[in-house]
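Reproduced below: coords-v3.cif, with mmCIF, C-alpha atoms.
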```cif
data_start
loop_
_atom_site.group_PDB
_atom_site.id
_atom_site.type_symbol
_atom_site.label_atom_id
_atom_site.label_comp_id
_atom_site.auth_asym_id
_atom_site.auth_seq_id
_atom_site.Cartn_x
_atom_site.Cartn_y
_atom_site.Cartn_z
ATOM 1 C CA PHE U 869 0.000 0.000 0.000
ATOM 2 C CA PHE U 870 2.722 2.476 0.941
ATOM 3 C CA SER U 871 5.660 1.666 -1.314
ATOM 4 C CA SER U 872 6.077 5.280 -2.437
ATOM 5 C CA ARG U 873 5.057 8.809 -1.563
ATOM 6 C CA ARG U 874 3.076 8.981 -4.806
ATOM 7 C CA ARG U 875 0.868 6.137 -3.627
ATOM 8 C CA HIS U 876 0.594 7.845 -0.249
ATOM 9 C CA THR U 877 -0.522 11.050 -1.982
ATOM 10 C CA ARG U 878 -3.128 9.177 -4.024
ATOM 11 C CA LEU U 879 -4.716 8.091 -0.740
ATOM 12 C CA GLN U 880 -5.621 11.667 0.103
ATOM 13 C CA GLY U 881 -9.208 11.067 -0.892
ATOM 14 C CA ASP U 882 -10.538 14.589 -1.321
ATOM 15 C CA TRP U 883 -8.136 15.303 -4.185
ATOM 16 C CA SER U 884 -8.032 11.970 -5.947
ATOM 17 C CA SER U 885 -10.678 9.942 -7.696
ATOM 18 C CA ASP U 886 -8.444 6.873 -7.359
ATOM 19 C CA VAL U 887 -9.137 6.032 -3.726
ATOM 20 C CA CYS U 888 -11.971 6.925 -1.389
ATOM 21 C CA SER U 889 -13.516 5.315 1.658
ATOM 22 C CA SER U 890 -16.258 3.517 -0.270
ATOM 23 C CA ASP U 891 -13.692 1.948 -2.620
ATOM 24 C CA LEU U 892 -11.834 0.141 0.163
ATOM 25 C CA SER U 893 -12.196 -3.590 0.627
ATOM 26 C CA PRO U 894 -12.307 -4.998 4.183
ATOM 27 C CA ALA U 895 -8.688 -6.110 3.737
ATOM 28 C CA ASP U 896 -7.679 -2.627 2.620
ATOM 29 C CA ARG U 897 -9.401 -1.084 5.612
ATOM 30 C CA LYS U 898 -7.623 -3.464 7.953
ATOM 31 C CA SER U 899 -4.241 -2.665 6.400
ATOM 32 C CA LEU U 900 -4.872 1.069 6.534
ATOM 33 C CA ALA U 901 -6.050 0.950 10.129
ATOM 34 C CA ALA U 902 -2.870 -0.889 11.087
ATOM 35 C CA ALA U 903 -0.735 1.632 9.186
ATOM 36 C CA LEU U 904 -2.576 4.497 10.871
ATOM 37 C CA GLU U 905 -1.363 3.393 14.290
ATOM 38 C CA GLY U 906 2.280 4.023 13.425
ATOM 39 C CA ALA U 907 1.925 6.867 10.937
ATOM 40 C CA ASP U 908 3.655 10.182 11.681
ATOM 41 C CA ASP U 909 1.149 12.098 9.562
ATOM 42 C CA LYS U 910 -2.203 10.467 10.235
ATOM 43 C CA GLU U 911 -4.430 12.934 8.390
ATOM 44 C CA PRO U 912 -4.209 11.461 4.842
ATOM 45 C CA LEU U 913 -5.056 7.984 6.123
ATOM 46 C CA GLN U 914 -7.839 9.317 8.327
ATOM 47 C CA ARG U 915 -9.310 11.052 5.292
ATOM 48 C CA VAL U 916 -9.330 7.891 3.177
ATOM 49 C CA LEU U 917 -10.826 5.886 6.036
ATOM 50 C CA GLY U 918 -13.489 8.546 6.551
ATOM 51 C CA ILE U 919 -12.240 9.412 10.040
ATOM 52 C CA GLN U 920 -12.500 13.061 11.074
ATOM 53 C CA SER U 921 -9.521 14.487 12.938
ATOM 54 C CA PRO U 922 -10.472 16.137 16.234
ATOM 55 C CA ALA U 923 -11.041 19.868 15.734
ATOM 56 C CA SER U 924 -8.878 20.536 18.768
ATOM 57 C CA ALA U 925 -5.882 19.011 16.980
ATOM 58 C CA ALA U 926 -5.424 22.134 14.866
ATOM 59 C CA PRO U 927 -4.754 25.594 16.320
ATOM 60 C CA ALA U 928 -7.271 28.393 15.932
ATOM 61 C CA ASN U 929 -6.807 30.466 12.782
ATOM 62 C CA SER U 930 -5.783 33.410 14.954
ATOM 63 C CA ASP U 931 -2.940 31.355 16.500
ATOM 64 C CA LEU U 932 -0.233 32.090 13.943
ATOM 65 C CA GLU U 933 2.583 30.857 16.215
ATOM 66 C CA GLY U 934 0.754 27.574 16.727
ATOM 67 C CA TRP U 935 0.382 27.076 12.982
ATOM 68 C CA LEU U 936 4.006 27.976 12.289
ATOM 69 C CA SER U 937 5.061 25.348 14.801
ATOM 70 C CA ARG U 938 2.618 22.778 13.393
ATOM 71 C CA LEU U 939 3.933 23.317 9.862
ATOM 72 C CA GLU U 940 7.599 22.787 10.669
ATOM 73 C CA GLY U 941 9.067 19.890 8.726
ATOM 74 C CA PRO U 942 10.045 18.869 5.181
ATOM 75 C CA ALA U 943 7.883 19.998 2.275
ATOM 76 C CA ASP U 944 7.656 19.281 -1.454
ATOM 77 C CA ALA U 945 7.062 22.325 -3.671
ATOM 78 C CA ARG U 946 6.120 20.107 -6.629
ATOM 79 C CA GLU U 947 3.347 18.550 -4.580
ATOM 80 C CA GLY U 948 2.342 22.073 -3.576
ATOM 81 C CA GLU U 949 1.924 23.008 -7.224
ATOM 82 C CA ARG U 950 -0.324 19.981 -7.762
ATOM 83 C CA ILE U 951 -2.398 21.015 -4.754
ATOM 84 C CA PHE U 952 -2.695 24.600 -6.012
ATOM 85 C CA PHE U 953 -4.059 23.594 -9.420
ATOM 86 C CA HIS U 954 -5.901 20.358 -8.616
ATOM 87 C CA PRO U 955 -9.651 20.575 -9.422
ATOM 88 C CA LYS U 956 -10.458 18.726 -6.191
ATOM 89 C CA GLY U 957 -8.022 20.744 -4.089
ATOM 90 C CA PRO U 958 -8.641 23.882 -2.027
ATOM 91 C CA GLY U 959 -9.418 25.833 -5.200
ATOM 92 C CA CYS U 960 -6.527 28.321 -5.196
ATOM 93 C CA HIS U 961 -6.393 28.348 -8.999
ATOM 94 C CA ARG U 962 -10.005 29.451 -9.342
ATOM 95 C CA CYS U 963 -9.163 32.950 -8.099
ATOM 96 C CA HIS U 964 -5.369 33.236 -8.313
ATOM 97 C CA GLN U 965 -2.883 33.088 -11.166
ATOM 98 C CA VAL U 966 0.668 31.787 -11.234
ATOM 99 C CA ASP U 967 2.625 32.574 -14.397
ATOM 100 C CA GLY U 968 -0.537 33.259 -16.386
ATOM 101 C CA ARG U 969 -2.333 30.078 -15.318
ATOM 102 C CA GLY U 970 -5.442 30.348 -13.157
ATOM 103 C CA GLY U 971 -8.157 32.859 -12.330
ATOM 104 C CA GLU U 972 -7.992 36.630 -12.143
ATOM 105 C CA ILE U 973 -10.260 37.301 -9.175
ATOM 106 C CA GLY U 974 -7.631 37.632 -6.453
ATOM 107 C CA PRO U 975 -3.985 38.728 -6.353
ATOM 108 C CA ASP U 976 -1.518 37.256 -8.837
ATOM 109 C CA LEU U 977 0.734 34.903 -6.856
ATOM 110 C CA SER U 978 3.534 34.548 -9.418
ATOM 111 C CA THR U 979 6.026 36.423 -7.211
ATOM 112 C CA THR U 980 4.568 35.717 -3.771
ATOM 113 C CA GLY U 981 7.855 34.453 -2.360
ATOM 114 C CA ARG U 982 9.521 37.747 -3.160
ATOM 115 C CA ILE U 983 6.741 39.852 -1.639
ATOM 116 C CA LEU U 984 5.700 37.899 1.467
ATOM 117 C CA ASP U 985 7.753 35.985 4.007
ATOM 118 C CA ARG U 986 6.437 32.672 5.367
ATOM 119 C CA ARG U 987 4.801 34.337 8.350
ATOM 120 C CA ARG U 988 2.791 36.882 6.347
ATOM 121 C CA LEU U 989 1.913 34.323 3.672
ATOM 122 C CA LEU U 990 0.504 31.871 6.196
ATOM 123 C CA ASP U 991 -1.372 34.626 8.022
ATOM 124 C CA SER U 992 -3.001 35.727 4.755
ATOM 125 C CA ILE U 993 -4.314 32.165 4.309
ATOM 126 C CA LEU U 994 -5.455 31.769 7.913
ATOM 127 C CA GLN U 995 -7.104 35.192 8.195
ATOM 128 C CA PRO U 996 -7.884 36.464 4.707
ATOM 129 C CA SER U 997 -10.213 39.200 5.978
ATOM 130 C CA ARG U 998 -7.710 40.770 8.353
ATOM 131 C CA GLU U 999 -5.861 42.725 5.679
ATOM 132 C CA MET U 1000 -7.407 43.356 2.256
ATOM 133 C CA ALA U 1001 -6.023 45.667 -0.413
ATOM 134 C CA PRO U 1002 -8.699 48.148 -1.555
ATOM 135 C CA LYS U 1003 -8.991 46.592 -5.020
ATOM 136 C CA PHE U 1004 -9.843 43.214 -3.472
ATOM 137 C CA VAL U 1005 -12.532 44.411 -1.070
ATOM 138 C CA PRO U 1006 -15.713 42.468 -1.930
ATOM 139 C CA TRP U 1007 -19.029 44.106 -2.735
ATOM 140 C CA LEU U 1008 -22.546 42.914 -2.062
ATOM 141 C CA VAL U 1009 -24.801 43.899 -4.954
ATOM 142 C CA GLU U 1010 -28.579 43.700 -4.916
ATOM 143 C CA THR U 1011 -30.363 43.884 -8.245
ATOM 144 C CA LYS U 1012 -33.855 45.210 -8.900
ATOM 145 C CA ASP U 1013 -35.162 41.695 -9.477
ATOM 146 C CA GLY U 1014 -33.869 40.556 -6.068
ATOM 147 C CA ARG U 1015 -30.638 38.829 -7.065
ATOM 148 C CA LEU U 1016 -27.640 39.081 -4.749
ATOM 149 C CA VAL U 1017 -24.122 39.082 -6.145
ATOM 150 C CA GLN U 1018 -21.092 39.081 -3.875
ATOM 151 C CA GLY U 1019 -17.641 39.502 -5.327
ATOM 152 C CA VAL U 1020 -14.628 41.631 -6.090
ATOM 153 C CA LEU U 1021 -15.152 44.491 -8.532
ATOM 154 C CA LEU U 1022 -13.125 43.536 -11.615
ATOM 155 C CA SER U 1023 -14.161 46.315 -13.986
ATOM 156 C CA GLU U 1024 -16.653 49.142 -14.316
ATOM 157 C CA THR U 1025 -17.603 51.309 -17.291
ATOM 158 C CA PRO U 1026 -18.232 55.065 -17.083
ATOM 159 C CA ALA U 1027 -21.929 54.217 -17.369
ATOM 160 C CA GLY U 1028 -21.740 52.082 -14.215
ATOM 161 C CA ASP U 1029 -21.978 48.629 -15.795
ATOM 162 C CA ALA U 1030 -19.767 46.349 -13.693
ATOM 163 C CA VAL U 1031 -18.241 42.874 -13.593
ATOM 164 C CA TYR U 1032 -17.696 41.102 -10.275
ATOM 165 C CA GLY U 1033 -15.540 38.081 -9.497
ATOM 166 C CA THR U 1034 -17.046 35.558 -7.074
ATOM 167 C CA ALA U 1035 -15.503 33.120 -4.608
ATOM 168 C CA GLN U 1036 -16.216 30.319 -7.095
ATOM 169 C CA GLY U 1037 -14.021 32.024 -9.694
ATOM 170 C CA ASP U 1038 -16.966 33.138 -11.841
ATOM 171 C CA GLN U 1039 -17.336 36.569 -13.418
ATOM 172 C CA VAL U 1040 -20.803 38.092 -13.115
ATOM 173 C CA ALA U 1041 -21.855 41.152 -15.117
ATOM 174 C CA VAL U 1042 -24.375 43.575 -13.599
ATOM 175 C CA LEU U 1043 -25.738 46.456 -15.681
ATOM 176 C CA HIS U 1044 -26.165 49.810 -13.969
ATOM 177 C CA SER U 1045 -29.851 49.744 -14.958
ATOM 178 C CA GLU U 1046 -30.239 46.415 -13.074
ATOM 179 C CA MET U 1047 -28.606 47.565 -9.834
ATOM 180 C CA GLU U 1048 -30.703 48.474 -6.819
ATOM 181 C CA GLN U 1049 -27.844 49.047 -4.384
ATOM 182 C CA ARG U 1050 -24.359 47.858 -3.471
ATOM 183 C CA SER U 1051 -22.157 48.066 -0.406
ATOM 184 C CA PRO U 1052 -18.531 47.145 0.437
ATOM 185 C CA GLN U 1053 -18.006 44.148 2.723
ATOM 186 C CA THR U 1054 -15.511 43.514 5.505
ATOM 187 C CA VAL U 1055 -15.279 39.733 4.984
ATOM 188 C CA SER U 1056 -13.065 38.421 2.189
ATOM 189 C CA ILE U 1057 -14.530 36.096 -0.430
ATOM 190 C CA MET U 1058 -11.554 33.802 0.253
ATOM 191 C CA PRO U 1059 -12.805 31.062 2.623
ATOM 192 C CA ALA U 1060 -11.539 31.466 6.191
ATOM 193 C CA ASP U 1061 -11.552 27.693 6.720
ATOM 194 C CA LEU U 1062 -9.313 26.888 3.753
ATOM 195 C CA VAL U 1063 -6.688 25.233 5.972
ATOM 196 C CA ARG U 1064 -9.330 22.783 7.209
ATOM 197 C CA THR U 1065 -9.648 21.368 3.688
ATOM 198 C CA MET U 1066 -6.003 20.239 3.683
ATOM 199 C CA THR U 1067 -3.847 17.936 5.727
ATOM 200 C CA THR U 1068 -0.860 19.390 7.555
ATOM 201 C CA GLN U 1069 1.513 17.995 4.930
ATOM 202 C CA GLU U 1070 -0.557 19.366 2.079
ATOM 203 C CA LEU U 1071 -0.470 22.832 3.624
ATOM 204 C CA ARG U 1072 3.311 22.533 4.114
ATOM 205 C CA ASP U 1073 3.706 21.627 0.449
ATOM 206 C CA LEU U 1074 1.435 24.456 -0.707
ATOM 207 C CA LEU U 1075 3.408 27.002 1.323
ATOM 208 C CA ALA U 1076 6.669 25.653 -0.107
ATOM 209 C CA TYR U 1077 5.342 26.113 -3.644
ATOM 210 C CA LEU U 1078 4.178 29.667 -3.023
ATOM 211 C CA GLN U 1079 7.375 30.617 -1.208
ATOM 212 C CA GLN U 1080 9.532 29.583 -4.157
ATOM 213 C CA ARG U 1081 7.570 31.846 -6.513
ATOM 214 C CA ARG U 1082 9.965 34.697 -7.243
#
```
Please render this file's structure as structure tokens.
Amino acid sequence: FFSSRRRHTRLQGDWSSDVCSSDLSPADRKSLAAALEGADDKEPLQRVLGIQSPASAAPANSDLEGWLSRLEGPADAREGERIFFHPKGPGCHRCHQVDGRGGEIGPDLSTTGRILDRRRLLDSILQPSREMAPKFVPWLVETKDGRLVQGVLLSETPAGDAVYGTAQGDQVAVLHSEMEQRSPQTVSIMPADLVRTMTTQELRDLLAYLQQRR
């Protein structure tokens, strides 16, 4: 089962269609449960087995020092790149670009490692609403027919027709004639619980990938 790290990665069920809890035979489950007992990083195996890690195992998002300590250890930037762009991953690529690949809703991350140190980078993931550049402040728009659109203002014509980028990476056009009202928001469209969608090792790898972007 665990002859290579690649196989180990494939067992991280949320990001791979190859292995999930329902696919496991009784023998597989028994082998995985035995491996779980001695595993240093239990989260990938827990995920495949359908076992939830205790919430108390991870620090609060506001505990930056706790997360920095938790994320000490070796990391693989190539795995981090896979995580960034994987369609079943945390969805970074839907809103962010790296070297022209990805969405254009949030900041371009092509040179993140040159701009942010590890501390600031991790904090921006843990608490995305704490510090937002003005151009990335989200807006809540209500249209005359009752629709609600929440997203970052991507463009606006002199006539007031606007395009907003949503948390799903979509671009939504709203004509000025359709708009009832709009107001700036204090909560980022980037999910605050993004770290909860990854294992500790996956987050290490993702940080390593972003830190090498220069």
Coordinates of box centre and edge lengths for region 1028-1036 of chain U, 3 Å on every side, axis-aligned, as AutoDock Vina command-line options:
```
--center_x -18.7 --center_y 41.2 --center_z -10.2 --size_x 12.5 --size_y 27.8 --size_z 17.2
```
Running the PyMOL selection byres ((chain U and resi 1072) around 9) on this model by hand, what would come out? Give it as a list in words.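 Evaluating the PyMOL selection byres ((chain U and resi 1072) around 9) on this file yields Leu939, Glu940, Gly941, Pro942, Ala943, Asp944, Ala945, Gly948, Thr1067, Thr1068, Gln1069, Glu1070, Leu1071, Asp1073, Leu1074, Leu1075, Ala1076 and Tyr1077 of chain U.
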Residue IDs satisfying the PyMOL selection byres ((chain U and resi 1024-1031) around 10), as number ranges by chain: U: 1019-1023, 1032-1034, 1038-1047
What residues come out when you apply the PyMOL selection byres ((chain U and resi 987) around 12) to this file, written as a list of chain:residue names?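 Going through the file, the PyMOL selection byres ((chain U and resi 987) around 12) ends up selecting U:Asp931, U:Leu932, U:Glu933, U:Gly934, U:Trp935, U:Leu936, U:Ser937, U:Leu939, U:Gly981, U:Ile983, U:Leu984, U:Asp985, U:Arg986, U:Arg988, U:Leu989, U:Leu990, U:Asp991, U:Ser992, U:Ile993, U:Leu994, U:Gln995, U:Leu1075, U:Gln1079.
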Using CA of Gln1053 (chain U) and CA of Ser997 (chain U) as the two end points, give the distance in Å to one decimal.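 Straight-line distance from CA of Gln1053 (chain U) to CA of Ser997 (chain U) works out to 9.8 Å.
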Between CA of Ile1057 (chain U) and CA of Pro996 (chain U) - distance in Å to one decimal: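 Result for CA of Pro996 (chain U) versus CA of Ile1057 (chain U): 8.4 Å, one decimal.
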note - CA of Val1055 (chain U) and CA of Asp967 (chain U) are separated by 27.3 Å
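Using all atoms listed in the file, the protein and nucleic acid residues lying no more than 7 Å from Leu1008 (chain U), apart from those fewer than 5 places from it along its own chain, are Leu1016, Val1017, Gln1018, Gly1019, Arg1050, Ser1051, Pro1052 and Gln1053 of chain U.
Proximity ranking of U:Glu972, U:Arg897, U:Asp1061, U:Gly1037 relative to Pro927 (chain U) places U:Asp1061 first, based on all atoms listed in the file.
Minimum distance to Leu1078 (chain U) across U:Ser978, U:Gln1049, U:Thr1011, U:Ser1056 (counting only C-alpha atoms) occurs at U:Ser978.
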In terms of the shortest atom-to-atom distance over all atoms listed in the file, which of U:Leu904, U:Gly1014, U:Ala926, U:Met1066 is closest to Gly957 (chain U)?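 Counting all atoms listed in the file, the residue closest to Gly957 (chain U) is U:Met1066.
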Which residue is closest to Thr979 (chain U)? Choose from U:Lys1012, U:Glu905, U:Pro955, U:Arg1082 and count only C-alpha atoms.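 Distance minimum relative to Thr979 (chain U) lands on U:Arg1082.
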For Phe953 (chain U), find every residue with an atom within 12 Å (counting all atoms listed in the file), except residues of its own chain fewer than 3 positions away, and show them as a VMD selection string. chain U and resid 883 946 to 950 956 to 966 969 to 971 1074 1077
Quick one: of U:Ala902, U:Ala907, U:Ile973, U:Ala1001, who's nearest to Gln1036 (chain U), counting all atoms listed in the file?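 The answer is U:Ile973, which sits nearest to Gln1036 (chain U).
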